[in-house]
Amino acid sequence: MSPDFPAPPLPVVPVAGGGSFPVHRIYCVGRNYAEHAQEMGFTGREPPFFFLKPADAVVPVPFGTTGAIDYPSQTADFHHEIELVVAIGRGGRDIPAAQAADHVWGYAVGLDMTRRDRQGEMKKQGRPWDIGKAFDQSAPISPIVPKAQCGVLSAGAITLAVNGQPRQKGDLRELIWNVDETIEQLSRAWELRPGDLIFTGTPAGVAAVVRGDVMEGLVEGLGTLRVAVR
């Protein structure tokens with residue numbers, strides 16, 4: 001039986017050097033840097049927790065260009081969160097941390113954009129906070145750099161500036177749950193598949209942006225993601 005309307009196109013992210021990476025799911029790790037957990041009112045190495053964004057939330061931005069996202073509706077507190085993104089090329093379930101790197105295809109620079117006020121409201125009411133995280137254009141992303149090109153990323157600076165002024169600064173070695181441990185934990189709850197993206201968490205310094213602001217996020221070894229808010 002034929003569908004009543006055309007199937008929507010599959011979201012894809014360009015690959016550095018050529019090609020494309022079709023997106024299956026977007027997983028995000030919450031509060032995965034200690035100082036960010038503290039600024040959000042939490043401390044310690046709590047068990048990892050995850051939330052999802054729709055695959056079509058990605059906004060691919062080529063290196064060397066300035067992308068653009070719209071200031072979303074229903075918020076007056078639109079926050080940036082710079083993150084290392086891990087691209088999964090080999091799926092699996094119950095993946096041991098010691099084997100997790102074998103499932104990584106590459107890495108990218110990503111922004112987990114957040115309606116912070118809406119997220120806070122939902123938390124207070126004990127309701128799901130998808131409206132704070134899983135909206136349109138909430139996942140700007142650089143091209144994916146193949147692991148074969150950049151190697152395994154386990155250390156290196158991760159920073160974000162707004163209009164040239166530093167906002168966020170950290171190092172990948174400061175992840176509470178590193179990439180291998182994250183894949184292990186995530187694959188216990190979901191079967192990972194080729195095309196999955198994992199946003200691994202953000203360092204301290206998250207703050208609001210407004211229309212006209214330009215964000216520049218850097219992950220050492222990958223490059224810079226530059227995105228304007230319109």
# chains A, B, ... in the order shown; residues from 1 in each chain; ligands from 1
call {"tool": "residues_around", "arguments": {"residues": "Leu10 in chain A", "least_positions_apart": "6", "cutoff": "9 Å", "atoms": "only C-alpha atoms", "output": "MDAnalysis selection string"}}
result
chainID A and resid 22:24 55:56
call {"tool": "closest_residue", "arguments": {"among": "A:Val85, A:Ala134, A:Ala34, A:Ala228", "to": "Glu174 in chain A", "atoms": "only C-alpha atoms"}}
result
A:Ala34
call {"tool": "residues_around", "arguments": {"residues": "Ala101 in chain A", "least_positions_apart": "5", "cutoff": "10 Å", "atoms": "only C-alpha atoms", "output": "PDB file with C-alpha atoms, in the first residue's frame"}}
result
ATOM      1  CA  ILE A  88      28.473   5.624  15.678  1.00  0.00           C
ATOM      2  CA  ARG A  90      28.930   0.049  14.068  1.00  0.00           C
ATOM      3  CA  ILE A  95      28.933  -2.985  24.382  1.00  0.00           C
ATOM      4  CA  PRO A  96      31.823  -3.274  26.881  1.00  0.00           C
ATOM      5  CA  GLY A 106      34.047   9.769  13.860  1.00  0.00           C
ATOM      6  CA  LYS A 147      38.214   8.639  13.401  1.00  0.00           C
ATOM      7  CA  VAL A 152      40.554   8.647  19.180  1.00  0.00           C
ATOM      8  CA  LEU A 153      39.586  11.818  21.056  1.00  0.00           C
ATOM      9  CA  VAL A 179      33.147   8.263  25.645  1.00  0.00           C
ATOM     10  CA  ASP A 180      33.821   4.545  26.117  1.00  0.00           C
ATOM     11  CA  ILE A 183      28.710   3.979  24.976  1.00  0.00           C
TER      12      ILE A 183
END
call {"tool": "select_by_dssp", "arguments": {"residues": "range 8-97 of chain A", "states": "strand (DSSP E)", "output": "list in words"}}
result
Val12, Val13, Pro14, Ser20, Phe21, Pro22, Ile26, Tyr27, Cys28, Val29, Phe50, Phe51, Leu52, Lys53, Val58, Val59, Pro60, Gly67, Ala68, Ile69, Phe78, His79, Ile82, Glu83, Leu84, Val85, Val86, Ala87 and Ile88 of chain A
call {"tool": "closest_residue", "arguments": {"among": "A:Gly164, A:Gly17, A:Pro48, A:Pro72", "to": "Glu181 in chain A", "atoms": "only C-alpha atoms"}}
result
A:Pro48
call {"tool": "select_by_dssp", "arguments": {"residues": "range 2-229 of chain A", "states": "alpha helix (DSSP H)", "output": "PyMOL selection string"}}
result
chain A and resi 34-39+116-124+130-133+147-150+179-189
call {"tool": "residues_around", "arguments": {"residues": "Ala161 in chain A", "least_positions_apart": "6", "cutoff": "7 Å", "atoms": "only C-alpha atoms", "output": "CSV table (one decimal) with N, CA and C atoms, in the first residue's frame"}}
result
chain,number,residue,atom,x,y,z
A,167,ARG,N,32.9,32.0,26.9
A,167,ARG,CA,31.8,31.6,27.8
A,167,ARG,C,32.1,30.3,28.4
A,168,GLN,N,32.4,29.3,27.6
A,168,GLN,CA,32.6,27.9,28.2
A,168,GLN,C,34.1,27.5,27.9
A,215,MET,N,27.9,32.4,17.9
A,215,MET,CA,28.6,31.4,18.8
A,215,MET,C,29.7,30.8,18.0
A,216,GLU,N,30.9,30.6,18.6
A,216,GLU,CA,32.0,29.9,18.0
A,216,GLU,C,32.4,28.8,19.0
A,217,GLY,N,32.1,27.6,18.6
A,217,GLY,CA,32.5,26.4,19.5
A,217,GLY,C,33.6,25.6,18.9
call {"tool": "atom_distance", "arguments": {"atom1": "CA of Ala76 in chain A", "atom2": "CA of Arg115 in chain A"}}
result
7.8 Å
call {"tool": "closest_residue", "arguments": {"among": "A:Val104, A:Met113, A:Leu192, A:Ile141", "to": "Ala208 in chain A", "atoms": "only C-alpha atoms"}}
result
A:Met113
call {"tool": "closest_residue", "arguments": {"among": "A:Pro62, A:Ala87, A:Val210, A:Thr182", "to": "Arg226 in chain A", "atoms": "only C-alpha atoms"}}
result
A:Pro62
call {"tool": "residues_around", "arguments": {"residues": "Ala68 in chain A", "least_positions_apart": "2", "cutoff": "12 Å", "atoms": "only C-alpha atoms", "output": "list in words"}}
result
Val58, Val59, Pro60, Val61, Pro62, Thr65, Thr66, Asp70, Tyr71, Gln137, Ser138, Ala139, Pro140, Ile141, Arg211, Gly212, Asp213, Val214, Met215, Glu216, Leu225, Arg226, Val227, Ala228, Val229 and Arg230 of chain A
call {"tool": "residues_around", "arguments": {"residues": "Gln119 in chain A", "least_positions_apart": "2", "cutoff": "6 Å", "atoms": "only C-alpha atoms", "output": "list of chain:residue names"}}
result
A:Arg116, A:Asp117, A:Glu121, A:Met122, A:Trp129, A:Gly132
call {"tool": "write_last_selection", "arguments": {"atoms": "N, CA and C atoms", "output": "mmCIF file, in the first residue's frame"}}
result
data_model
loop_
_atom_site.group_PDB
_atom_site.id
_atom_site.type_symbol
_atom_site.label_atom_id
_atom_site.label_comp_id
_atom_site.auth_asym_id
_atom_site.auth_seq_id
_atom_site.Cartn_x
_atom_site.Cartn_y
_atom_site.Cartn_z
ATOM 1 N N ARG A 116 16.019 27.008 28.268
ATOM 2 C CA ARG A 116 16.295 26.747 29.684
ATOM 3 C C ARG A 116 15.098 27.023 30.573
ATOM 4 N N ASP A 117 14.352 28.065 30.277
ATOM 5 C CA ASP A 117 13.195 28.377 31.117
ATOM 6 C C ASP A 117 12.136 27.289 31.010
ATOM 7 N N GLU A 121 10.810 24.789 34.018
ATOM 8 C CA GLU A 121 9.385 24.681 34.371
ATOM 9 C C GLU A 121 8.941 23.224 34.408
ATOM 10 N N MET A 122 9.335 22.461 33.397
ATOM 11 C CA MET A 122 8.938 21.058 33.337
ATOM 12 C C MET A 122 9.559 20.247 34.483
ATOM 13 N N TRP A 129 10.847 17.031 29.833
ATOM 14 C CA TRP A 129 11.288 18.344 29.377
ATOM 15 C C TRP A 129 11.761 18.345 27.930
ATOM 16 N N GLY A 132 12.149 21.624 26.218
ATOM 17 C CA GLY A 132 13.358 22.387 26.497
ATOM 18 C C GLY A 132 14.557 21.952 25.689
#
